[in-house]
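> Below is data_22.cif; it holds mmCIF, C-alpha atoms.
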data_protein
#
loop_
_atom_site.label_atom_id
_atom_site.label_comp_id
_atom_site.auth_asym_id
_atom_site.auth_seq_id
_atom_site.Cartn_x
_atom_site.Cartn_y
_atom_site.Cartn_z
CA MET A 256 14.11 -16.35 9.92
CA THR A 257 13.34 -18.75 7.06
CA HIS A 258 9.91 -18.51 5.52
CA PRO A 259 8.69 -18.19 1.89
CA ILE A 260 7.17 -14.76 2.68
CA ILE A 261 10.42 -13.44 4.12
CA GLU A 262 12.33 -14.95 1.20
CA SER A 263 10.06 -13.01 -1.21
CA LEU A 264 10.60 -9.74 0.61
CA LEU A 265 14.35 -10.22 0.93
CA TRP A 266 14.52 -11.20 -2.74
CA ARG A 267 12.99 -7.97 -4.01
CA HIS A 268 14.94 -4.73 -4.39
CA THR A 269 14.56 -1.45 -6.23
CA THR A 270 16.10 -2.10 -9.63
CA LYS A 271 18.40 0.64 -10.90
CA LYS A 272 19.18 -0.78 -14.35
CA TYR A 273 17.04 -3.11 -16.45
CA ASP A 274 18.05 -5.73 -18.97
CA ALA A 275 16.37 -4.41 -22.12
CA SER A 276 16.57 -7.82 -23.79
CA LYS A 277 14.13 -9.46 -21.36
CA LYS A 278 10.38 -8.93 -21.34
CA ILE A 279 7.77 -10.36 -18.99
CA PRO A 280 5.83 -13.33 -20.44
CA GLU A 281 2.21 -12.50 -21.23
CA GLU A 282 0.83 -15.16 -18.84
CA GLU A 283 2.69 -13.55 -15.92
CA LEU A 284 1.42 -10.11 -16.88
CA LYS A 285 -2.11 -11.53 -16.74
CA VAL A 286 -1.54 -12.73 -13.16
CA LEU A 287 -0.03 -9.37 -12.22
CA PHE A 288 -2.90 -7.34 -13.67
CA GLU A 289 -5.48 -9.60 -12.04
CA ALA A 290 -3.68 -9.22 -8.68
CA MET A 291 -3.74 -5.44 -9.12
CA ARG A 292 -7.45 -5.55 -9.92
CA LEU A 293 -8.07 -7.57 -6.75
CA SER A 294 -6.29 -5.03 -4.50
CA PRO A 295 -8.31 -4.14 -1.40
CA SER A 296 -9.38 -0.55 -0.67
CA SER A 297 -11.49 1.36 1.84
CA ILE A 298 -15.23 0.68 1.23
CA ASN A 299 -14.06 -1.19 -1.90
CA SER A 300 -13.76 2.26 -3.50
CA GLN A 301 -11.07 1.21 -6.01
CA PRO A 302 -10.30 4.88 -6.72
CA TRP A 303 -7.52 4.05 -9.18
CA ARG A 304 -6.54 3.72 -12.79
CA PHE A 305 -3.55 1.83 -14.14
CA VAL A 306 -1.98 2.85 -17.47
CA VAL A 307 0.48 0.28 -18.79
CA ILE A 308 3.10 1.77 -21.10
CA GLU A 309 4.58 -0.81 -23.44
CA SER A 310 4.34 0.18 -27.13
CA ASP A 311 7.19 2.06 -28.78
CA GLU A 312 4.94 5.06 -29.21
CA ALA A 313 3.85 5.11 -25.54
CA ARG A 314 7.48 4.75 -24.44
CA GLN A 315 8.44 7.73 -26.62
CA ARG A 316 5.69 9.74 -24.97
CA MET A 317 6.83 8.68 -21.48
CA SER A 318 10.43 9.49 -22.34
CA ARG A 319 9.45 13.08 -23.19
CA THR A 320 8.16 13.60 -19.64
CA PHE A 321 11.76 13.43 -18.37
CA ALA A 322 12.68 16.65 -20.21
CA HIS A 323 13.13 18.70 -17.04
CA LYS A 324 13.94 16.34 -14.18
CA TYR A 325 14.59 12.86 -12.81
CA GLN A 326 16.63 11.95 -15.90
CA PHE A 327 18.28 9.16 -13.87
CA ASN A 328 15.00 7.25 -14.25
CA GLN A 329 14.61 7.89 -17.97
CA ALA A 330 16.49 4.75 -19.08
CA HIS A 331 13.83 2.58 -17.42
CA VAL A 332 11.35 3.81 -20.04
CA PHE A 333 13.09 1.77 -22.73
CA ASP A 334 14.91 -0.92 -20.73
CA SER A 335 12.06 -2.11 -18.52
CA SER A 336 9.40 -4.50 -19.75
CA GLN A 337 6.57 -2.09 -18.88
CA ILE A 338 6.03 1.11 -16.95
CA ILE A 339 2.70 1.31 -15.15
CA LEU A 340 1.21 4.65 -14.13
CA PHE A 341 -0.61 4.34 -10.79
CA ALA A 342 -3.24 7.07 -10.73
CA HIS A 343 -5.78 8.06 -8.08
CA LYS A 344 -9.00 10.04 -8.37
CA PRO A 345 -8.57 13.49 -6.78
CA ARG A 346 -12.36 13.95 -6.67
CA TYR A 347 -14.04 10.72 -5.73
CA THR A 348 -17.80 11.25 -5.73
CA ARG A 349 -21.04 9.46 -4.98
CA ASP A 350 -21.27 8.68 -8.71
CA ASP A 351 -17.96 6.83 -8.51
CA PHE A 352 -19.21 4.84 -5.57
CA ALA A 353 -22.48 4.10 -7.40
CA LYS A 354 -20.38 2.19 -9.95
CA VAL A 355 -18.93 0.10 -7.09
CA VAL A 356 -22.42 -0.61 -5.76
CA ASP A 357 -23.79 -1.53 -9.18
CA ARG A 358 -20.84 -3.78 -9.84
CA GLY A 359 -21.53 -5.37 -6.43
CA ILE A 360 -25.09 -6.05 -7.55
CA ALA A 361 -23.84 -7.57 -10.83
CA ASP A 362 -21.39 -9.76 -8.86
CA LYS A 363 -24.26 -10.85 -6.55
CA ARG A 364 -22.54 -9.33 -3.54
CA ILE A 365 -25.30 -6.78 -2.98
CA LYS A 366 -29.02 -7.45 -3.47
CA GLN A 367 -30.84 -5.09 -5.81
CA GLU A 368 -33.31 -4.21 -3.03
CA ASP A 369 -30.40 -3.20 -0.76
CA ARG A 370 -28.95 -0.70 -3.26
CA ASP A 371 -29.86 2.40 -1.23
CA LYS A 372 -28.59 0.86 2.02
CA ALA A 373 -25.25 0.11 0.34
CA PHE A 374 -24.51 3.84 0.19
CA ALA A 375 -24.37 4.11 4.00
CA ILE A 376 -20.60 3.46 4.02
CA PHE A 377 -20.04 6.29 1.53
CA GLY A 378 -19.67 8.41 4.67
CA PHE A 379 -16.04 7.24 4.74
CA ALA A 380 -15.44 9.05 1.45
CA GLU A 381 -17.34 12.13 2.63
CA SER A 382 -15.32 12.36 5.83
CA ASN A 383 -12.20 12.31 3.64
CA THR A 384 -13.43 15.07 1.32
CA ASP A 385 -12.23 18.60 2.01
CA GLU A 386 -14.26 21.79 1.56
CA THR A 387 -13.20 22.03 -2.10
CA GLY A 388 -14.32 18.48 -2.92
CA ASP A 389 -10.78 17.13 -2.88
CA THR A 390 -10.34 13.48 -1.81
CA SER A 391 -6.67 13.10 -2.84
CA ASN A 392 -5.26 12.35 0.59
CA TRP A 393 -7.61 9.36 0.88
CA THR A 394 -7.64 8.09 -2.72
CA LYS A 395 -3.87 8.43 -3.06
CA ALA A 396 -3.45 6.33 0.10
CA GLN A 397 -5.71 3.61 -1.34
CA THR A 398 -3.67 3.64 -4.54
CA TYR A 399 -0.46 3.16 -2.55
CA LEU A 400 -2.15 0.24 -0.80
CA ALA A 401 -2.64 -1.25 -4.28
CA LEU A 402 1.02 -0.47 -5.01
CA GLY A 403 2.06 -2.37 -1.86
CA ASN A 404 -0.04 -5.33 -2.94
CA THR A 405 1.53 -5.10 -6.42
CA LEU A 406 5.13 -5.02 -5.12
CA HIS A 407 4.49 -8.12 -3.02
CA THR A 408 2.89 -9.83 -6.04
CA LEU A 409 5.92 -9.01 -8.21
CA ALA A 410 8.26 -10.48 -5.60
CA ARG A 411 6.28 -13.73 -5.71
CA LEU A 412 6.50 -13.73 -9.50
CA LYS A 413 10.26 -13.00 -9.31
CA ILE A 414 9.77 -9.93 -11.48
CA ASP A 415 11.98 -6.94 -10.70
CA SER A 416 10.55 -3.49 -10.20
CA THR A 417 11.21 0.15 -9.42
CA ALA A 418 8.57 2.34 -7.77
CA LEU A 419 9.06 5.74 -9.33
CA GLU A 420 8.08 8.84 -7.44
CA GLY A 421 10.91 10.30 -9.49
CA ILE A 422 8.66 11.34 -12.37
CA ASP A 423 7.63 14.82 -13.46
CA ALA A 424 4.01 14.41 -12.36
CA ASP A 425 2.81 17.54 -14.16
CA LEU A 426 4.31 16.47 -17.48
CA VAL A 427 3.12 12.87 -17.07
CA ASN A 428 -0.44 13.99 -16.39
CA GLU A 429 -0.31 16.34 -19.36
CA GLU A 430 1.18 13.77 -21.76
CA PHE A 431 -1.23 10.98 -20.75
CA LYS A 432 -4.28 13.23 -20.27
CA LYS A 433 -6.38 11.15 -22.64
CA GLU A 434 -5.65 7.83 -20.88
CA LEU A 435 -5.74 9.21 -17.33
CA GLY A 436 -8.94 11.19 -17.71
CA ASP A 437 -9.82 12.67 -14.32
CA TYR A 438 -7.27 10.51 -12.46
CA ARG A 439 -3.93 11.89 -11.32
CA CYS A 440 -0.64 10.01 -11.46
CA GLU A 441 2.02 10.80 -8.85
CA VAL A 442 3.81 7.46 -8.89
CA ALA A 443 4.76 4.96 -11.59
CA LEU A 444 6.17 1.46 -11.46
CA ALA A 445 8.78 0.06 -13.82
CA ILE A 446 8.74 -3.74 -14.11
CA GLY A 447 11.05 -6.20 -15.85
CA TYR A 448 14.36 -7.90 -15.14
CA HIS A 449 17.46 -6.27 -13.70
CA HIS A 450 20.64 -5.99 -15.73
CA PRO A 451 23.01 -8.82 -14.68
CA ASP A 452 26.03 -6.49 -14.26
CA GLU A 453 24.90 -2.88 -14.17
CA ASP A 454 22.20 -2.88 -11.49
CA TYR A 455 24.31 -1.77 -8.53
CA ASN A 456 21.38 -2.11 -6.14
CA ALA A 457 21.02 -5.85 -6.81
CA LYS A 458 24.27 -6.44 -4.94
CA LEU A 459 23.74 -4.19 -1.94
CA PRO A 460 22.39 -5.56 1.34
CA LYS A 461 18.85 -4.54 2.27
CA SER A 462 18.58 -2.09 5.14
CA ARG A 463 15.64 -1.46 7.43
CA HIS A 464 15.15 -0.05 10.91
CA SER A 465 15.22 -2.67 13.66
CA LEU A 466 11.88 -4.22 14.59
CA ASN A 467 12.07 -2.65 18.05
CA SER A 468 12.31 0.83 16.62
CA VAL A 469 9.22 0.58 14.40
CA LEU A 470 6.93 -1.84 16.27
CA VAL A 471 5.79 -2.00 19.87
CA ARG A 472 3.56 -4.68 21.43
CA ILE A 473 1.39 -3.54 24.28
CA MET B 32 -7.32 -17.93 -13.73
CA THR B 33 -5.58 -20.43 -11.43
CA HIS B 34 -2.43 -19.24 -9.73
CA PRO B 35 -1.26 -19.26 -6.06
CA ILE B 36 -1.19 -15.44 -6.04
CA ILE B 37 -4.74 -15.15 -7.31
CA GLU B 38 -5.82 -17.87 -4.86
CA SER B 39 -4.35 -15.76 -2.00
CA LEU B 40 -6.16 -12.64 -3.10
CA LEU B 41 -9.47 -14.41 -3.68
CA TRP B 42 -9.10 -16.16 -0.31
CA ARG B 43 -8.84 -12.93 1.67
CA HIS B 44 -11.85 -10.83 2.65
CA THR B 45 -12.67 -8.12 5.17
CA THR B 46 -13.70 -10.01 8.29
CA LYS B 47 -16.81 -8.66 10.01
CA LYS B 48 -16.84 -10.98 13.04
CA TYR B 49 -13.90 -12.71 14.69
CA ASP B 50 -13.74 -16.01 16.55
CA ALA B 51 -12.55 -14.84 19.98
CA SER B 52 -11.38 -18.35 20.88
CA LYS B 53 -8.61 -18.39 18.25
CA LYS B 54 -5.35 -16.51 18.52
CA ILE B 55 -2.48 -16.30 16.03
CA PRO B 56 0.49 -18.55 16.89
CA GLU B 57 3.57 -16.62 17.99
CA GLU B 58 5.75 -17.99 15.17
CA GLU B 59 3.30 -16.62 12.56
CA LEU B 60 3.22 -13.24 14.28
CA LYS B 61 7.01 -13.16 14.00
CA VAL B 62 6.79 -13.70 10.22
CA LEU B 63 4.08 -11.05 9.95
CA PHE B 64 6.03 -8.43 11.90
CA GLU B 65 9.20 -9.16 9.95
CA ALA B 66 7.25 -8.78 6.67
CA MET B 67 5.90 -5.43 7.91
CA ARG B 68 9.40 -4.31 8.82
CA LEU B 69 10.61 -5.23 5.32
CA SER B 70 7.92 -3.13 3.59
CA PRO B 71 9.31 -0.91 0.84
CA SER B 72 8.92 2.89 0.93
CA SER B 73 10.03 5.93 -1.02
CA ILE B 74 13.77 6.60 -0.42
CA ASN B 75 13.54 3.83 2.19
CA SER B 76 12.03 6.47 4.48
CA GLN B 77 10.03 3.98 6.59
CA PRO B 78 7.98 6.86 8.02
CA TRP B 79 5.83 4.54 10.11
CA ARG B 80 5.20 3.11 13.55
CA PHE B 81 3.20 -0.01 14.35
CA VAL B 82 1.50 -0.38 17.73
CA VAL B 83 0.25 -3.92 18.38
CA ILE B 84 -2.63 -4.05 20.84
CA GLU B 85 -2.94 -7.45 22.52
CA SER B 86 -2.94 -7.24 26.34
CA ASP B 87 -6.21 -6.98 28.23
CA GLU B 88 -5.25 -3.51 29.37
CA ALA B 89 -4.41 -2.28 25.85
CA ARG B 90 -7.69 -3.73 24.56
CA GLN B 91 -9.60 -1.87 27.27
CA ARG B 92 -7.89 1.33 26.21
CA MET B 93 -8.69 0.68 22.52
CA SER B 94 -12.28 -0.13 23.38
CA ARG B 95 -12.70 3.29 25.02
CA THR B 96 -11.86 5.00 21.72
CA PHE B 97 -15.16 3.76 20.28
CA ALA B 98 -17.15 5.92 22.73
CA HIS B 99 -18.47 8.27 20.05
CA LYS B 100 -18.45 6.47 16.72
CA TYR B 101 -17.81 3.38 14.61
CA GLN B 102 -19.21 1.13 17.35
CA PHE B 103 -19.78 -1.58 14.71
CA ASN B 104 -16.01 -2.14 14.81
CA GLN B 105 -15.74 -2.22 18.60
CA ALA B 106 -16.24 -5.98 18.94
CA HIS B 107 -13.04 -6.59 16.97
CA VAL B 108 -11.09 -5.10 19.89
CA PHE B 109 -11.83 -8.17 22.02
CA ASP B 110 -12.58 -10.86 19.41
CA SER B 111 -9.58 -10.39 17.13
CA SER B 112 -6.18 -11.80 17.94
CA GLN B 113 -4.48 -8.37 17.72
CA ILE B 114 -5.27 -4.88 16.53
CA ILE B 115 -2.35 -3.05 14.95
CA LEU B 116 -2.27 0.74 14.74
CA PHE B 117 -0.61 1.85 11.49
CA ALA B 118 0.78 5.32 12.12
CA HIS B 119 2.65 7.74 9.84
CA LYS B 120 4.89 10.66 10.68
CA PRO B 121 3.14 13.94 9.84
CA ARG B 122 6.47 15.82 9.99
CA TYR B 123 9.21 13.75 8.46
CA THR B 124 12.48 15.62 8.72
CA ARG B 125 16.12 15.39 7.74
CA ASP B 126 16.78 13.99 11.23
CA ASP B 127 14.40 11.11 10.51
CA PHE B 128 16.19 10.42 7.27
CA ALA B 129 19.56 10.60 9.04
CA LYS B 130 18.45 7.55 11.02
CA VAL B 131 17.77 5.71 7.74
CA VAL B 132 21.21 6.66 6.43
CA ASP B 133 22.97 5.62 9.64
CA ARG B 134 21.12 2.33 9.68
CA GLY B 135 22.21 1.89 6.03
CA ILE B 136 25.81 2.38 7.14
CA ALA B 137 25.36 -0.16 9.96
CA ASP B 138 23.83 -2.63 7.48
CA LYS B 139 26.79 -2.07 5.11
CA ARG B 140 24.51 -0.70 2.41
CA ILE B 141 26.08 2.77 2.53
CA LYS B 142 29.79 3.44 3.02
CA GLN B 143 30.70 5.77 5.89
CA GLU B 144 32.52 8.08 3.46
CA ASP B 145 29.36 8.38 1.34
CA ARG B 146 27.19 9.56 4.25
CA ASP B 147 26.78 13.13 2.94
CA LYS B 148 26.04 11.96 -0.59
CA ALA B 149 23.31 9.66 0.75
CA PHE B 150 21.23 12.72 1.65
CA ALA B 151 20.83 13.71 -2.00
CA ILE B 152 17.60 11.73 -2.32
CA PHE B 153 16.11 13.53 0.68
CA GLY B 154 14.84 15.98 -1.95
CA PHE B 155 11.91 13.57 -2.42
CA ALA B 156 10.82 14.27 1.15
CA GLU B 157 11.37 18.02 0.73
CA SER B 158 9.28 18.16 -2.43
CA ASN B 159 6.49 16.47 -0.43
CA THR B 160 6.69 18.92 2.47
CA ASP B 161 4.22 21.79 2.49
CA GLU B 162 4.93 25.35 3.69
CA THR B 163 3.99 24.38 7.27
CA GLY B 164 6.41 21.43 7.37
CA ASP B 165 3.63 18.88 6.89
CA THR B 166 4.56 15.66 5.06
CA SER B 167 1.36 13.72 5.83
CA ASN B 168 0.18 13.23 2.27
CA TRP B 169 3.47 11.49 1.44
CA THR B 170 4.14 9.60 4.69
CA LYS B 171 0.54 8.40 4.93
CA ALA B 172 0.80 7.03 1.39
CA GLN B 173 3.98 5.12 2.31
CA THR B 174 2.21 3.69 5.37
CA TYR B 175 -0.65 2.49 3.18
CA LEU B 176 1.94 0.86 0.93
CA ALA B 177 3.10 -1.05 4.03
CA LEU B 178 -0.55 -1.88 4.75
CA GLY B 179 -0.94 -3.31 1.23
CA ASN B 180 2.17 -5.42 1.75
CA THR B 181 0.78 -6.55 5.12
CA LEU B 182 -2.63 -7.55 3.73
CA HIS B 183 -0.95 -9.66 1.05
CA THR B 184 1.29 -11.23 3.69
CA LEU B 185 -1.73 -12.10 5.86
CA ALA B 186 -3.46 -13.75 2.90
CA ARG B 187 -0.39 -15.96 2.40
CA LEU B 188 -0.44 -16.86 6.10
CA LYS B 189 -4.21 -17.56 5.91
CA ILE B 190 -4.81 -15.09 8.70
CA ASP B 191 -8.02 -13.05 8.48
CA SER B 192 -8.03 -9.29 8.78
CA THR B 193 -10.03 -6.09 8.76
CA ALA B 194 -8.48 -2.78 7.72
CA LEU B 195 -10.15 -0.22 9.95
CA GLU B 196 -10.50 3.35 8.80
CA GLY B 197 -13.57 3.16 10.99
CA ILE B 198 -11.77 4.33 14.11
CA ASP B 199 -12.07 7.61 15.96
CA ALA B 200 -8.62 8.85 14.95
CA ASP B 201 -8.62 11.75 17.42
CA LEU B 202 -9.47 9.50 20.38
CA VAL B 203 -7.02 6.80 19.26
CA ASN B 204 -4.19 9.31 18.98
CA GLU B 205 -5.06 10.74 22.39
CA GLU B 206 -5.36 7.34 24.10
CA PHE B 207 -2.12 5.95 22.65
CA LYS B 208 -0.18 9.22 22.77
CA LYS B 209 2.66 7.65 24.73
CA GLU B 210 3.16 4.75 22.29
CA LEU B 211 2.56 6.79 19.11
CA GLY B 212 4.80 9.70 20.04
CA ASP B 213 4.92 12.07 17.08
CA TYR B 214 3.30 9.57 14.70
CA ARG B 215 -0.36 9.80 13.73
CA CYS B 216 -2.69 6.83 13.33
CA GLU B 217 -5.55 7.09 10.84
CA VAL B 218 -5.96 3.40 10.09
CA ALA B 219 -5.78 0.22 12.17
CA LEU B 220 -5.77 -3.45 11.24
CA ALA B 221 -7.57 -6.19 13.13
CA ILE B 222 -6.08 -9.68 12.62
CA GLY B 223 -7.23 -13.12 13.70
CA TYR B 224 -9.68 -15.77 12.49
CA HIS B 225 -13.22 -15.14 11.31
CA HIS B 226 -16.17 -16.53 13.22
CA PRO B 227 -17.35 -19.75 11.51
CA ASP B 228 -21.03 -18.70 11.46
CA GLU B 229 -21.36 -15.00 12.18
CA ASP B 230 -18.97 -13.41 9.68
CA TYR B 231 -21.46 -12.57 6.93
CA ASN B 232 -18.73 -11.27 4.65
CA ALA B 233 -16.97 -14.64 4.51
CA LYS B 234 -19.83 -16.00 2.43
CA LEU B 235 -20.32 -13.12 0.01
CA PRO B 236 -18.69 -13.16 -3.42
CA LYS B 237 -15.84 -10.71 -3.97
CA SER B 238 -16.62 -7.79 -6.24
CA ARG B 239 -14.22 -5.63 -8.23
CA HIS B 240 -14.46 -3.43 -11.30
CA SER B 241 -13.64 -5.24 -14.53
CA LEU B 242 -10.02 -5.17 -15.63
CA ASN B 243 -10.93 -3.11 -18.70
CA SER B 244 -12.41 -0.36 -16.57
CA VAL B 245 -9.34 0.10 -14.33
CA LEU B 246 -6.40 -0.81 -16.57
CA VAL B 247 -5.43 0.24 -20.07
CA ARG B 248 -2.42 -1.00 -22.06
CA ILE B 249 -0.96 1.44 -24.52
#
Just dump the structure as structure tokens.


Amino acid sequence: MTHPIIESLLWRHTTKKYDASKKIPEEELKVLFEAMRLSPSSINSQPWRFVVIESDEARQRMSRTFAHKYQFNQAHVFDSSQIILFAHKPRYTRDDFAKVVDRGIADKRIKQEDRDKAFAIFGFAESNTDETGDTSNWTKAQTYLALGNTLHTLARLKIDSTALEGIDADLVNEEFKKELGDYRCEVALAIGYHHPDEDYNAKLPKSRHSLNSVLVRI
Amino acid sequence: MTHPIIESLLWRHTTKKYDASKKIPEEELKVLFEAMRLSPSSINSQPWRFVVIESDEARQRMSRTFAHKYQFNQAHVFDSSQIILFAHKPRYTRDDFAKVVDRGIADKRIKQEDRDKAFAIFGFAESNTDETGDTSNWTKAQTYLALGNTLHTLARLKIDSTALEGIDADLVNEEFKKELGDYRCEVALAIGYHHPDEDYNAKLPKSRHSLNSVLVRI
């Protein structure tokens, strides 16, 4: 099948070694960040925070979080162009949604007089809140939706990437406590350009289950 | 900012009323399904199943699942071109991953003699399995990643869509038990073309938090 969308998705791969000499141009980062901001989410909840690690100091801090495990991902900290922490809100509340509503009013999407009515859909958050007030299962899913949108965006920009569940989440959340606030990071994303010789995954064929085994039309 | 990627993301919106007279051409569905199949996931786990509802009989069955709630979404069942159930595997096991490895061997991504070694990364699944064997939090997140990839794909194809958490998950899983098997659906996706007059959301401006409030560069 030949189609620009399929070309994008066949082009991308999980980069295993970055070329430290290449950094992403600022104008492309701007497109990427704007695309991330525009990610869709249930009831427009946007229950995420993105922390972009790029300074030498921030890289040193990120590097320290590999003290105990996943050291095979540590080189990305210095070789990639940026590492982005994708964090979700474990306790998404009515106050969080009020910010969405008020932003909707500012953007002229919601009329001021309809403010109260706009909270009706907050029931979706409530039905995803457990007895302890935890919304992680729902907000983490939304944040992965944003990650899926981001990976597709990167493929269109021809920027390489590595989604990293291989991080020490506890250490990352401790080290970046100030920047993450009450958001929790369980996945990061390295972005940049793959090493021309040493990225073994660039040369391997992509593998996926057959369409028949994952999709049924009824 | 003017860029094809930003144009795609500004173009898309959550459709609230479909034009029942328009259906998606088969060749575009093929691109869509292939893009869904190519979605990335942690350790290439692909812990998903997609059930595409399009026949009159399947639509009748889907319609019945709105008996108790979310009736405001019921019209999409008949007006949209297709409704796709996005389902994740609540218990992802070593046997599931064995299918990924064997497919990798068939696709010449993994050498037969490296089959055992290929299971090393299964630790990511294990560390996301709770004491009861439940992997939902992890597999659901991967399935939302595929949903994010799908929504971006649809925007590129200029096909409208509605991500539907507003489904009665228990009734949907009961009604489509045969097709879903041991996968669980908590989100569906209506696709098609929005009604030229009656889709109020097509006319409203998009609203998102400001970049500064969701992203920090350090």

> Which residues would end up in the selection if the PyMOL selection byres ((chain B and resi 198) around 8) were applied here, given that I need the answer as JSON, numbers by chain?

{"B": [96, 97, 100, 101, 104, 195, 196, 197, 199, 200, 203, 217, 218, 219]}

> Record the distance separating atom CA of Asn180 of chain B and atom CA of Ala410 of chain A, expressed in Å with one decimal.

10.8 Å

> Translate the PyMOL selection byres ((chain B) within 6 of (chain A)), as applied to the file shown, into an explicit residue set as an NGL selection string.

:B and (80-84 or 135 or 138 or 140 or 168 or 172 or 175-176 or 179-180 or 183 or 235-236 or 238 or 245-249)

> Could you tell me how far atom CA of Tyr214 of chain B lies from atom CA of His119 of chain B, in Å and to one decimal?

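Value for the atom CA of Tyr214 of chain B-atom CA of His119 of chain B distance: 5.2 Å.
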
> So the first atom is atom CA of Ala129 of chain B and the second is atom CA of Phe150 of chain B; what is the distance between them in Å, to one decimal place?

7.9 Å

> Measuring atom to atom with all atoms listed in the file, identify which of A:Ala373, A:Phe333, A:Ser276, A:Pro345 is nearest to Cys440 of chain A.

A:Pro345

> Measuring atom to atom with all atoms listed in the file, identify which of A:Arg439, A:Glu430, A:Ser382, A:Asp454 is nearest to Gln315 of chain A.

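Closest to Gln315 of chain A, using all atoms listed in the file: A:Glu430.
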
> Quick one: everything within 8 Å of Gly223 of chain B, counting all atoms listed in the file, minus sequence neighbours fewer than 5 positions away in the same chain. Send it as a count of residues only.

11

> From the set A:Glu429, A:Ala275, A:Tyr347, A:Asp452, which residue has the shortest atom-to-atom contact distance to Val332 of chain A, counting all atoms listed in the file?

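Closest residue, counting all atoms listed in the file: A:Ala275.
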
> Padding of 8 Å on every side, edges along x, y and z, all listed atoms of segment 320-335 of chain A included: what centre and edge lengths in Å, to one decimal, does that box have, as AutoDock Vina command-line options?


--center_x 13.2 --center_y 8.3 --center_z -17.8 --size_x 26.1 --size_y 36.8 --size_z 25.9
